[in-house]
$ cat run17.cif   # mmCIF, C-alpha atoms
data_coords
loop_
_atom_site.label_atom_id
_atom_site.label_comp_id
_atom_site.auth_asym_id
_atom_site.auth_seq_id
_atom_site.Cartn_x
_atom_site.Cartn_y
_atom_site.Cartn_z
CA MET Q 1 10.36 -62.48 39.13
CA LYS Q 2 11.91 -59.14 40.11
CA ILE Q 3 13.84 -57.07 37.58
CA ALA Q 4 16.31 -54.24 38.16
CA PHE Q 5 17.65 -52.07 35.34
CA VAL Q 6 20.88 -50.06 35.47
CA GLY Q 7 21.53 -47.36 32.89
CA SER Q 8 21.67 -43.65 32.17
CA ILE Q 9 18.10 -42.60 31.47
CA VAL Q 10 15.89 -39.54 31.90
CA SER Q 11 12.63 -38.32 30.35
CA GLU Q 12 12.55 -37.50 26.61
CA LYS Q 13 12.08 -33.79 27.24
CA LEU Q 14 14.93 -33.57 29.72
CA CYS Q 15 17.31 -35.49 27.45
CA LEU Q 16 16.99 -32.77 24.78
CA GLN Q 17 18.17 -30.21 27.33
CA LEU Q 18 21.32 -32.15 28.27
CA PRO Q 19 24.13 -32.03 25.66
CA ALA Q 20 25.74 -35.18 27.08
CA CYS Q 21 22.51 -37.18 26.83
CA SER Q 22 22.33 -39.54 23.84
CA VAL Q 23 18.84 -39.10 22.38
CA ALA Q 24 19.02 -42.47 20.61
CA GLY Q 25 20.39 -44.29 23.67
CA ASN Q 26 17.87 -42.68 26.00
CA LYS Q 27 15.03 -43.55 23.65
CA TYR Q 28 16.16 -47.19 23.44
CA GLN Q 29 16.21 -47.47 27.24
CA LEU Q 30 12.78 -45.86 27.62
CA GLY Q 31 11.28 -48.20 25.03
CA LEU Q 32 12.89 -51.26 26.59
CA ILE Q 33 11.67 -50.36 30.08
CA ARG Q 34 8.12 -49.63 28.94
CA GLY Q 35 7.95 -52.77 26.81
CA LEU Q 36 9.37 -54.95 29.56
CA GLU Q 37 7.14 -53.55 32.30
CA LYS Q 38 4.16 -54.28 30.02
CA ALA Q 39 5.29 -57.90 29.67
CA VAL Q 40 6.05 -58.31 33.39
CA GLY Q 41 2.92 -56.47 34.53
CA GLN Q 42 4.73 -54.57 37.26
CA PRO Q 43 7.23 -51.71 37.60
CA LEU Q 44 10.95 -52.29 37.19
CA HIS Q 45 13.52 -51.12 39.72
CA VAL Q 46 15.53 -48.58 37.68
CA ILE Q 47 18.89 -47.22 38.82
CA SER Q 48 20.04 -44.35 36.63
CA VAL Q 49 23.06 -42.07 36.25
CA TRP Q 50 22.47 -38.40 35.43
CA PRO Q 51 23.85 -37.95 31.86
CA ILE Q 52 26.20 -34.97 32.17
CA ALA Q 53 29.72 -34.25 30.94
CA VAL Q 54 32.50 -34.39 33.51
CA TYR Q 55 33.62 -31.13 35.15
CA PRO Q 56 34.75 -28.61 33.78
CA HIS Q 57 32.81 -29.45 30.58
CA SER Q 58 29.78 -29.33 32.87
CA ARG Q 59 29.53 -26.88 35.77
CA THR Q 60 28.03 -29.54 38.01
CA ILE Q 61 30.50 -30.93 40.56
CA PHE Q 62 28.08 -33.04 42.60
CA SER Q 63 25.05 -34.79 41.15
CA PRO Q 64 22.49 -35.41 43.91
CA ARG Q 65 19.96 -38.17 44.33
CA ARG Q 66 16.69 -37.57 42.44
CA THR Q 67 13.82 -39.45 40.75
CA TYR Q 68 12.03 -39.30 37.38
CA HIS Q 69 9.13 -41.17 35.83
CA VAL Q 70 10.42 -43.17 32.86
CA GLY Q 71 7.58 -45.60 32.25
CA ASN Q 72 3.87 -46.03 32.75
CA LEU Q 73 4.62 -47.74 36.08
CA THR Q 74 8.34 -47.21 36.60
CA THR Q 75 10.29 -44.48 38.38
CA ALA Q 76 14.03 -44.07 37.81
CA ARG Q 77 16.18 -43.50 40.89
CA LEU Q 78 19.15 -41.34 39.95
CA ILE Q 79 22.16 -42.08 42.12
CA PRO Q 80 24.47 -39.43 43.65
CA PHE Q 81 28.07 -39.09 42.38
CA ILE Q 82 30.98 -36.64 42.31
CA ASN Q 83 31.35 -35.24 38.78
CA LEU Q 84 35.15 -34.82 38.76
CA PRO Q 85 37.65 -36.76 36.60
CA ILE Q 86 38.28 -40.31 37.88
CA LEU Q 87 36.16 -39.62 40.97
CA LYS Q 88 33.10 -39.68 38.71
CA GLN Q 89 33.73 -43.26 37.62
CA VAL Q 90 34.64 -44.41 41.13
CA THR Q 91 31.64 -42.82 42.88
CA ILE Q 92 29.22 -44.03 40.18
CA LEU Q 93 30.53 -47.57 40.63
CA LEU Q 94 30.17 -47.40 44.42
CA SER Q 95 26.70 -45.81 44.28
CA ILE Q 96 25.35 -48.43 41.86
CA PHE Q 97 26.95 -51.24 43.86
CA LEU Q 98 25.48 -50.11 47.19
CA HIS Q 99 22.05 -49.42 45.71
CA LEU Q 100 21.96 -52.86 44.06
CA VAL Q 101 23.10 -54.66 47.20
CA VAL Q 102 20.21 -53.10 49.12
CA TRP Q 103 17.72 -54.03 46.39
CA LEU Q 104 19.01 -57.61 46.07
CA TRP Q 105 18.79 -58.05 49.84
CA ARG Q 106 15.27 -56.64 49.96
CA GLU Q 107 14.15 -58.99 47.16
CA ARG Q 108 16.08 -62.03 48.47
CA LYS Q 109 12.90 -64.12 48.83
CA SER Q 110 11.92 -63.69 45.16
CA ASP Q 111 12.10 -66.83 43.05
CA LYS Q 112 14.25 -65.05 40.47
CA ARG Q 113 16.12 -61.73 40.55
CA ILE Q 114 17.35 -60.34 37.24
CA VAL Q 115 19.66 -57.33 36.84
CA LEU Q 116 19.85 -55.79 33.37
CA VAL Q 117 22.56 -53.24 32.65
CA TYR Q 118 22.49 -50.93 29.65
CA ASN Q 119 25.99 -51.09 28.16
CA VAL Q 120 29.07 -52.52 29.82
CA PHE Q 121 30.89 -49.31 30.75
CA ALA Q 122 33.28 -50.20 33.55
CA PRO Q 123 31.45 -48.43 36.45
CA PHE Q 124 28.15 -50.02 35.43
CA SER Q 125 29.27 -53.55 34.62
CA LEU Q 126 31.70 -53.96 37.53
CA ALA Q 127 29.11 -52.68 40.02
CA VAL Q 128 26.44 -55.07 38.71
CA LEU Q 129 28.74 -58.08 38.63
CA GLY Q 130 30.12 -57.28 42.08
CA ALA Q 131 26.71 -56.83 43.70
CA THR Q 132 25.26 -60.04 42.21
CA ALA Q 133 28.40 -62.01 43.11
CA LEU Q 134 27.85 -60.93 46.72
CA MET Q 135 24.05 -61.13 46.94
CA GLY Q 136 23.04 -63.49 44.15
CA GLY Q 137 20.88 -62.84 41.09
CA ARG Q 138 21.25 -63.25 37.33
CA THR Q 139 22.90 -60.63 35.15
CA VAL Q 140 22.04 -59.62 31.58
CA ALA Q 141 24.01 -57.04 29.59
CA VAL Q 142 22.28 -54.93 26.95
CA VAL Q 143 25.26 -54.21 24.67
CA ALA Q 144 24.27 -51.18 22.61
CA ASP Q 145 27.41 -49.07 22.51
CA LEU Q 146 30.89 -50.57 22.42
CA ARG Q 147 33.59 -47.90 22.18
CA TYR Q 148 35.11 -49.80 19.25
CA ASP Q 149 36.58 -47.41 16.63
CA VAL Q 150 35.53 -44.44 18.78
CA TYR Q 151 38.28 -44.10 21.38
CA ASP Q 152 41.41 -42.37 20.06
CA PHE Q 153 43.68 -43.60 22.93
CA LYS Q 154 45.59 -40.30 22.81
CA GLY Q 155 47.21 -38.60 25.78
CA ILE Q 156 49.01 -40.16 28.73
CA VAL Q 157 46.22 -40.08 31.29
CA HIS Q 158 43.23 -39.78 28.93
CA GLY Q 159 44.55 -42.51 26.61
CA LEU Q 160 45.35 -44.85 29.51
CA LEU Q 161 41.84 -44.48 30.94
CA GLN Q 162 40.36 -45.19 27.52
CA ARG Q 163 42.47 -48.34 27.13
CA ILE Q 164 41.50 -49.61 30.58
CA ASP Q 165 37.79 -48.95 29.99
CA PHE Q 166 37.87 -50.50 26.50
CA PHE Q 167 39.66 -53.62 27.81
CA ILE Q 168 37.12 -54.01 30.60
CA GLN Q 169 34.16 -53.53 28.26
CA THR Q 170 35.29 -56.09 25.69
CA HIS Q 171 36.33 -58.70 28.27
CA VAL Q 172 33.62 -58.33 30.89
CA ILE Q 173 30.80 -59.31 28.52
CA THR Q 174 31.53 -63.02 29.00
CA ARG Q 175 30.96 -62.62 32.75
CA PHE Q 176 27.25 -61.98 32.25
CA ALA Q 177 24.74 -64.83 32.23
CA ALA Q 178 23.35 -63.59 28.91
CA ILE Q 179 23.55 -60.62 26.57
CA ILE Q 180 21.12 -58.57 24.50
CA PRO Q 181 23.25 -57.07 21.71
CA LEU Q 182 22.28 -54.65 18.97
CA THR Q 183 23.88 -56.88 16.32
CA ARG Q 184 24.71 -60.55 15.96
CA GLN Q 185 28.39 -59.65 15.40
CA ILE Q 186 28.68 -58.41 19.00
CA ALA Q 187 27.64 -61.82 20.29
CA GLN Q 188 29.81 -63.71 17.79
CA ASP Q 189 32.97 -61.67 18.42
CA PHE Q 190 32.82 -60.99 22.16
CA ALA Q 191 30.53 -63.58 23.80
CA PRO Q 192 30.11 -66.57 21.45
CA ARG Q 193 29.27 -68.99 24.28
CA ARG Q 194 26.69 -66.85 26.03
CA PRO Q 195 22.92 -66.95 25.38
CA ALA Q 196 22.10 -63.93 23.20
CA LEU Q 197 18.98 -62.20 21.92
CA VAL Q 198 19.53 -59.54 19.26
CA ILE Q 199 17.35 -56.47 19.85
CA GLU Q 200 18.45 -53.72 17.46
CA GLY Q 201 15.78 -51.35 18.75
CA GLY Q 202 12.08 -50.70 18.63
CA VAL Q 203 9.31 -48.16 18.32
CA GLU Q 204 6.47 -47.35 20.68
CA ASN Q 205 2.83 -47.46 19.61
CA ARG Q 206 2.35 -43.81 20.47
CA GLU Q 207 5.14 -42.91 18.02
CA ILE Q 208 3.38 -44.77 15.24
CA LYS Q 209 0.11 -42.96 15.95
CA GLN Q 210 1.84 -39.56 15.81
CA ILE Q 211 2.50 -40.01 12.11
CA GLY Q 212 -1.20 -39.45 11.47
CA ILE Q 213 -0.61 -35.72 12.06
CA CYS Q 214 0.53 -35.35 8.47
CA THR Q 215 -2.14 -36.30 5.91
CA ILE Q 216 -1.38 -38.00 2.61
CA LYS Q 217 -2.79 -34.96 0.82
CA SER Q 218 -0.30 -32.57 2.42
CA ILE Q 219 2.57 -34.98 1.67
CA GLN Q 220 1.55 -35.11 -1.98
CA LYS Q 221 1.46 -31.31 -2.18
CA THR Q 222 4.98 -31.13 -0.75
CA TYR Q 223 6.09 -33.81 -3.20
CA LEU Q 224 4.82 -31.81 -6.17
CA ASP Q 225 6.29 -28.50 -4.97
CA LYS Q 226 9.80 -29.70 -4.11
CA LYS Q 227 11.93 -32.76 -3.36
CA ILE Q 228 12.92 -32.74 0.33
CA ILE Q 229 15.97 -34.85 1.20
CA PHE Q 230 15.92 -35.39 4.97
CA TYR Q 231 18.52 -36.35 7.59
CA SER Q 232 18.21 -36.40 11.40
CA GLY Q 233 20.71 -37.73 13.91
CA ALA Q 234 24.15 -37.12 15.34
CA LEU Q 235 26.27 -34.79 13.21
CA ASN Q 236 29.65 -36.52 12.97
CA ASP Q 237 31.91 -38.26 10.47
CA ILE Q 238 30.71 -41.71 11.62
CA ASN Q 239 27.19 -40.94 10.38
CA GLY Q 240 28.37 -39.59 7.02
CA VAL Q 241 26.86 -36.10 7.11
CA ASP Q 242 29.75 -34.81 4.97
CA LEU Q 243 29.03 -37.52 2.36
CA LEU Q 244 25.35 -36.50 2.21
CA ILE Q 245 26.20 -32.82 1.76
CA SER Q 246 28.73 -33.63 -0.99
CA ALA Q 247 26.18 -35.80 -2.78
CA PHE Q 248 23.46 -33.14 -2.52
CA ARG Q 249 25.72 -30.54 -4.12
CA LEU Q 250 25.79 -32.70 -7.25
CA LEU Q 251 22.01 -32.28 -7.60
CA SER Q 252 21.74 -29.03 -9.52
CA ASP Q 253 17.95 -28.95 -9.80
CA LEU Q 254 16.52 -26.08 -7.70
CA GLN Q 255 13.53 -28.27 -6.82
CA TYR Q 256 15.75 -30.27 -4.44
CA SER Q 257 16.27 -29.17 -0.83
CA LEU Q 258 18.25 -30.81 1.97
CA HIS Q 259 16.94 -30.63 5.55
CA ILE Q 260 19.35 -31.55 8.38
CA TYR Q 261 18.53 -31.91 12.08
CA GLY Q 262 20.73 -32.91 15.01
CA ARG Q 263 23.84 -31.87 16.87
CA GLY Q 264 27.47 -32.92 17.05
CA PRO Q 265 31.07 -32.07 16.07
CA ALA Q 266 30.18 -31.79 12.37
CA GLU Q 267 27.93 -28.76 12.95
CA PRO Q 268 30.56 -26.36 11.45
CA ILE Q 269 30.47 -28.39 8.22
CA VAL Q 270 26.68 -28.05 8.15
CA TYR Q 271 26.76 -24.29 8.82
CA LYS Q 272 29.30 -23.84 6.04
CA ALA Q 273 27.14 -25.85 3.63
CA VAL Q 274 24.08 -23.74 4.52
CA ALA Q 275 26.04 -20.56 3.77
CA GLN Q 276 27.17 -21.91 0.39
CA ASP Q 277 23.88 -23.42 -0.81
CA LYS Q 278 20.54 -21.80 -0.01
CA ARG Q 279 18.75 -25.09 -0.73
CA ILE Q 280 20.28 -26.58 2.45
CA PHE Q 281 18.40 -26.00 5.71
CA TYR Q 282 19.69 -26.77 9.22
CA GLY Q 283 17.00 -27.04 11.89
CA GLY Q 284 19.10 -27.87 14.96
CA VAL Q 285 17.58 -30.09 17.66
CA LEU Q 286 13.82 -30.63 17.95
CA SER Q 287 11.60 -32.82 20.09
CA ASN Q 288 11.13 -36.36 18.86
CA SER Q 289 7.47 -35.79 17.97
CA GLU Q 290 8.38 -32.72 15.88
CA ILE Q 291 11.17 -34.61 14.09
CA MET Q 292 8.80 -37.46 13.28
CA ARG Q 293 6.25 -35.01 11.86
CA LYS Q 294 8.88 -33.48 9.58
CA GLN Q 295 10.12 -36.92 8.52
CA SER Q 296 6.63 -37.83 7.39
CA GLN Q 297 6.58 -34.74 5.13
CA ALA Q 298 9.89 -35.44 3.37
CA THR Q 299 10.28 -36.89 -0.11
CA VAL Q 300 13.03 -39.29 0.95
CA LEU Q 301 14.95 -39.98 4.18
CA VAL Q 302 18.67 -40.75 4.08
CA ASN Q 303 21.05 -42.71 6.32
CA PRO Q 304 24.49 -41.99 4.78
CA ARG Q 305 26.67 -43.76 7.37
CA PRO Q 306 29.81 -45.17 5.64
CA SER Q 307 30.16 -48.95 5.86
CA TYR Q 308 33.96 -49.13 5.91
CA ARG Q 309 34.28 -48.37 9.62
CA GLU Q 310 34.71 -51.38 11.88
CA ILE Q 311 32.12 -50.00 14.28
CA THR Q 312 29.30 -50.63 11.78
CA LYS Q 313 29.46 -54.33 12.75
CA TYR Q 314 28.56 -53.44 16.31
CA THR Q 315 25.96 -50.70 15.86
CA PHE Q 316 22.50 -50.36 14.38
CA PRO Q 317 21.46 -46.90 13.09
CA SER Q 318 18.43 -46.26 15.28
CA LYS Q 319 17.23 -43.53 12.95
CA LEU Q 320 16.19 -46.27 10.50
CA LEU Q 321 13.33 -47.31 12.77
CA GLU Q 322 11.99 -43.76 12.90
CA TYR Q 323 12.51 -43.34 9.18
CA LEU Q 324 10.62 -46.52 8.34
CA ILE Q 325 7.56 -45.80 10.50
CA SER Q 326 7.20 -42.41 8.81
CA GLY Q 327 5.77 -44.08 5.73
CA ARG Q 328 8.31 -42.29 3.52
CA PRO Q 329 10.97 -44.11 1.44
CA THR Q 330 14.37 -44.55 3.09
CA ILE Q 331 17.81 -44.65 1.48
CA THR Q 332 20.71 -46.23 3.37
CA THR Q 333 24.21 -47.54 2.87
CA VAL Q 334 24.62 -51.30 3.29
CA LEU Q 335 25.83 -51.71 6.88
CA SER Q 336 26.85 -54.95 8.62
CA GLY Q 337 24.68 -54.07 11.61
CA ILE Q 338 21.45 -53.88 9.58
CA PRO Q 339 19.75 -57.33 9.49
CA GLU Q 340 18.87 -58.52 6.00
CA GLU Q 341 15.18 -58.72 6.93
CA TYR Q 342 15.16 -54.90 6.53
CA TYR Q 343 16.51 -54.92 2.96
CA PRO Q 344 13.15 -55.30 1.12
CA TYR Q 345 11.96 -52.09 2.79
CA LEU Q 346 15.01 -49.94 2.02
CA TYR Q 347 16.65 -48.39 -1.03
CA LEU Q 348 20.28 -49.49 -0.74
CA VAL Q 349 23.41 -47.54 -1.71
CA TYR Q 350 26.32 -49.73 -2.81
CA ASP Q 351 28.51 -46.97 -4.27
CA GLU Q 352 29.40 -44.90 -1.20
CA THR Q 353 30.72 -41.91 -3.10
CA PRO Q 354 29.03 -38.52 -3.51
CA ASN Q 355 28.21 -39.43 -7.10
CA GLY Q 356 26.84 -42.86 -6.15
CA LEU Q 357 24.60 -41.47 -3.40
CA ALA Q 358 23.44 -38.58 -5.61
CA GLN Q 359 22.40 -41.02 -8.33
CA VAL Q 360 20.30 -43.08 -5.92
CA ILE Q 361 18.62 -39.94 -4.50
CA GLN Q 362 17.83 -38.71 -8.00
CA GLU Q 363 16.50 -42.11 -9.06
CA ILE Q 364 14.18 -42.40 -6.05
CA CYS Q 365 12.92 -38.83 -6.33
CA SER Q 366 12.04 -39.39 -9.98
CA LYS Q 367 9.52 -42.12 -9.08
CA ASN Q 368 5.84 -41.24 -8.97
CA PHE Q 369 4.13 -40.41 -5.70
CA ASP Q 370 1.93 -43.53 -5.49
CA GLU Q 371 4.90 -45.86 -5.96
CA LEU Q 372 6.87 -44.20 -3.17
CA LYS Q 373 3.79 -44.09 -0.96
CA GLU Q 374 3.21 -47.84 -1.37
CA PHE Q 375 6.87 -48.62 -0.72
CA GLY Q 376 6.87 -46.51 2.43
CA GLN Q 377 3.65 -47.99 3.77
CA ARG Q 378 4.96 -51.56 3.38
CA ALA Q 379 8.02 -50.58 5.42
CA ARG Q 380 5.82 -48.94 8.05
CA THR Q 381 3.70 -52.09 8.37
CA PHE Q 382 6.82 -54.24 8.77
CA ILE Q 383 8.10 -52.10 11.65
CA PHE Q 384 4.67 -51.86 13.28
CA LYS Q 385 4.25 -55.64 13.36
CA ASN Q 386 7.80 -56.77 14.13
CA LYS Q 387 9.64 -53.96 15.93
CA ASN Q 388 7.18 -52.34 18.35
CA TRP Q 389 8.47 -52.26 21.94
CA GLU Q 390 5.57 -54.26 23.36
CA TYR Q 391 6.57 -57.13 21.08
CA GLN Q 392 10.28 -56.63 21.80
CA GLY Q 393 9.58 -56.44 25.54
CA LYS Q 394 7.75 -59.78 25.41
CA ARG Q 395 10.74 -61.31 23.58
CA ILE Q 396 13.11 -60.01 26.25
CA TYR Q 397 10.86 -61.26 29.06
CA ASP Q 398 10.65 -64.75 27.55
CA PHE Q 399 14.41 -64.74 27.03
CA ILE Q 400 15.28 -63.91 30.64
CA CYS Q 401 12.60 -66.31 31.96
CA ASN Q 402 14.40 -69.15 30.21
CA LEU Q 403 17.89 -68.37 31.56
#
$ encode --input "run17.cif" --output "structure tokens"
Amino acid sequence: MKIAFVGSIVSEKLCLQLPACSVAGNKYQLGLIRGLEKAVGQPLHVISVWPIAVYPHSRTIFSPRRTYHVGNLTTARLIPFINLPILKQVTILLSIFLHLVVWLWRERKSDKRIVLVYNVFAPFSLAVLGATALMGGRTVAVVADLRYDVYDFKGIVHGLLQRIDFFIQTHVITRFAAIIPLTRQIAQDFAPRRPALVIEGGVENREIKQIGICTIKSIQKTYLDKKIIFYSGALNDINGVDLLISAFRLLSDLQYSLHIYGRGPAEPIVYKAVAQDKRIFYGGVLSNSEIMRKQSQATVLVNPRPSYREITKYTFPSKLLEYLISGRPTITTVLSGIPEEYYPYLYLVYDETPNGLAQVIQEICSKNFDELKEFGQRARTFIFKNKNWEYQGKRIYDFICNL
């Protein structure tokens, strides 16, 4: 079997330097590739698009061909494209199509050729479906980011392009031989008759080992000195950063502190909160290993994403996986995209108001250290056994073998 992967992926370090690069999306792709290459026992053929904003938001007009190591065995081949409005989508589509046609021809004698595409953005999905229709091969879509409830459809040209892309994304899914969605609702609502394997995410073994940097003794000292409420992730209204800040302000005890890390359009709200309350700390963007170290030193980790948005059916908050392997207790709202198998390892918030979230934070922080330690370690064990990327990669490999 020969496997090609189409996505937008770079190294972890480089992703932090590119504002348009989704840290969570890049991390998912890296984990999937490394887990799958472990199961297959050979490198994957990775075709990648350089993750930059379109000109003039980025100064780059032409993105050249280049390569990056993205796995233990795998090298990503970044395709060339013109980074101008409309031309960007067209040249990406053509580059992916031509590159795939060459690969499918070269591997034409293989008993099975599989092409996985990360997300069904129009340039990616149309290129993959076109190339395999011409040269043969089986297609699998990893559906991790539908634009549902994200596009605003405003503006004559901008809104029209959004509507076209959204229509293509939600209707092209059924053209793939199988899908790997983040949530079961994606499969049920958009491809009910297609074989589906839900993979909400995963963690790598090296990430789990990194947690050992912080000893239990140092965590206990932090716990006795102050109560650290921790959030890391995209700073926007979808993730509920404003709700978390409002809830924290209701905690008058000076022993509490709120640590926020990440970037996004809600940064002005965070800066304003820092100026108004000295207990709130904003740390910006750090490397993944540094974020994980700080997570392991917190009293409690919070995912405050509101559940009322339609998009929660089609997304899984990837920060939960990092939170849970930290060994620290995690608080989250009850989201449709979180499988119920996670519930025993989470503290759930049913009242999504500042007062409701504040009460849960206060209740958890009032528990003794040993109780929280035991709760966190059970969650860590669950993730280690059931959500590591080697295990997930084997599941994906078995799934595509049986197509």
$ atom_distance --input "run17.cif" --atom1 "atom CA of Q:Tyr323" --atom2 "atom CA of Q:Gln297"
11.2 Å
$ resolve_selection --input "run17.cif" --expression "the PyMOL selection byres ((chain Q and resi 350) around 10)" --output "ChimeraX atom specification"
/Q:307,332-335,347-349,351-353,356-357,360
$ resolve_selection --input "run17.cif" --expression "the PyMOL selection byres ((chain Q and resi 105-113) around 9)" --output "ChimeraX atom specification"
/Q:1-4,100-104,114-115,135-139,401
$ resolve_selection --input "run17.cif" --expression "the PyMOL selection byres ((chain Q and resi 403) around 9)" --output "list in words"
Arg138, Ala177, Ala178, Pro195, Phe399, Ile400, Cys401 and Asn402 of chain Q
$ closest_atom_pairs --input "run17.cif" --of "stretch 21-121 of chain Q" --to "stretch 198-201 of chain Q" --cutoff "10 Å" --atoms "only C-alpha atoms" --output "JSON lines"
{"residue": "Q:Ala24", "atom": "CA", "partner": "Q:Gly201", "partner_atom": "CA", "distance": 9.6}
{"residue": "Q:Gly25", "atom": "CA", "partner": "Q:Gly201", "partner_atom": "CA", "distance": 9.8}
{"residue": "Q:Lys27", "atom": "CA", "partner": "Q:Gly201", "partner_atom": "CA", "distance": 9.2}
{"residue": "Q:Tyr28", "atom": "CA", "partner": "Q:Gly201", "partner_atom": "CA", "distance": 6.3}
{"residue": "Q:Gln29", "atom": "CA", "partner": "Q:Gly201", "partner_atom": "CA", "distance": 9.3}
{"residue": "Q:Gly31", "atom": "CA", "partner": "Q:Gly201", "partner_atom": "CA", "distance": 8.3}
{"residue": "Q:Leu32", "atom": "CA", "partner": "Q:Gly201", "partner_atom": "CA", "distance": 8.4}
$ atom_distance --input "run17.cif" --atom1 "atom CA of Q:Ile229" --atom2 "atom CA of Q:Thr299"
6.2 Å
$ residues_around --input "run17.cif" --residues "Q:Glu267" --least-positions-apart "2" --cutoff "10 Å" --atoms "only C-alpha atoms" --output "list in words"
Ala234, Leu235, Asn236, Val241, Tyr261, Gly262, Arg263, Gly264, Pro265, Ile269, Val270, Tyr271, Lys272, Ala273, Tyr282 and Gly284 of chain Q
$ closest_residue --input "run17.cif" --among "Q:Pro329, Q:Gly35, Q:Pro85, Q:Pro43" --to "Q:Gln392" --atoms "only C-alpha atoms"
Q:Gly35
$ atom_distance --input "run17.cif" --atom1 "atom CA of Q:Gly71" --atom2 "atom CA of Q:Leu16"
17.6 Å
$ residues_near_point --input "run17.cif" --point "(26.4, -39.2, 30.4)" --cutoff "12 Å" --atoms "all atoms listed in the file" --output "number ranges by chain"
Q: 7-10, 15, 18-23, 25-26, 48-55, 57-58, 63, 83, 88-89, 92, 121
$ decode --input "run17.cif" --residues "stretch 338-373 of chain Q" --atoms "C-alpha atoms" --output "compact mmCIF listing (two decimals), in the first residue's frame"
# COMPACT_ATOMS: atom_id res chain seq x y z
CA ILE Q 338 -16.78 15.86 23.16
CA PRO Q 339 -17.48 12.08 23.27
CA GLU Q 340 -19.11 10.91 26.49
CA GLU Q 341 -16.18 8.57 27.18
CA TYR Q 342 -14.29 11.71 28.31
CA TYR Q 343 -16.90 12.77 30.89
CA PRO Q 344 -15.57 10.71 33.86
CA TYR Q 345 -12.23 12.52 33.53
CA LEU Q 346 -13.59 16.08 33.35
CA TYR Q 347 -15.31 18.54 35.67
CA LEU Q 348 -18.33 19.67 33.66
CA VAL Q 349 -19.93 23.13 33.59
CA TYR Q 350 -23.68 23.09 32.90
CA ASP Q 351 -24.41 26.72 33.81
CA GLU Q 352 -22.51 28.65 31.14
CA THR Q 353 -22.71 32.01 32.86
CA PRO Q 354 -19.88 33.86 34.61
CA ASN Q 355 -21.44 32.96 37.96
CA GLY Q 356 -21.88 29.29 37.00
CA LEU Q 357 -18.29 28.92 35.80
CA ALA Q 358 -16.93 30.82 38.82
CA GLN Q 359 -18.76 28.46 41.17
CA VAL Q 360 -17.27 25.38 39.52
CA ILE Q 361 -13.75 26.87 39.60
CA GLN Q 362 -14.14 27.73 43.28
CA GLU Q 363 -15.52 24.28 44.09
CA ILE Q 364 -12.65 22.47 42.35
CA CYS Q 365 -9.96 24.70 43.85
CA SER Q 366 -11.31 24.05 47.33
CA LYS Q 367 -10.60 20.31 47.05
CA ASN Q 368 -7.47 18.93 48.69
CA PHE Q 369 -4.31 18.35 46.68
CA ASP Q 370 -4.35 14.54 46.81
CA GLU Q 371 -7.91 14.36 45.49
CA LEU Q 372 -7.13 16.59 42.53
CA LYS Q 373 -3.88 14.74 41.90
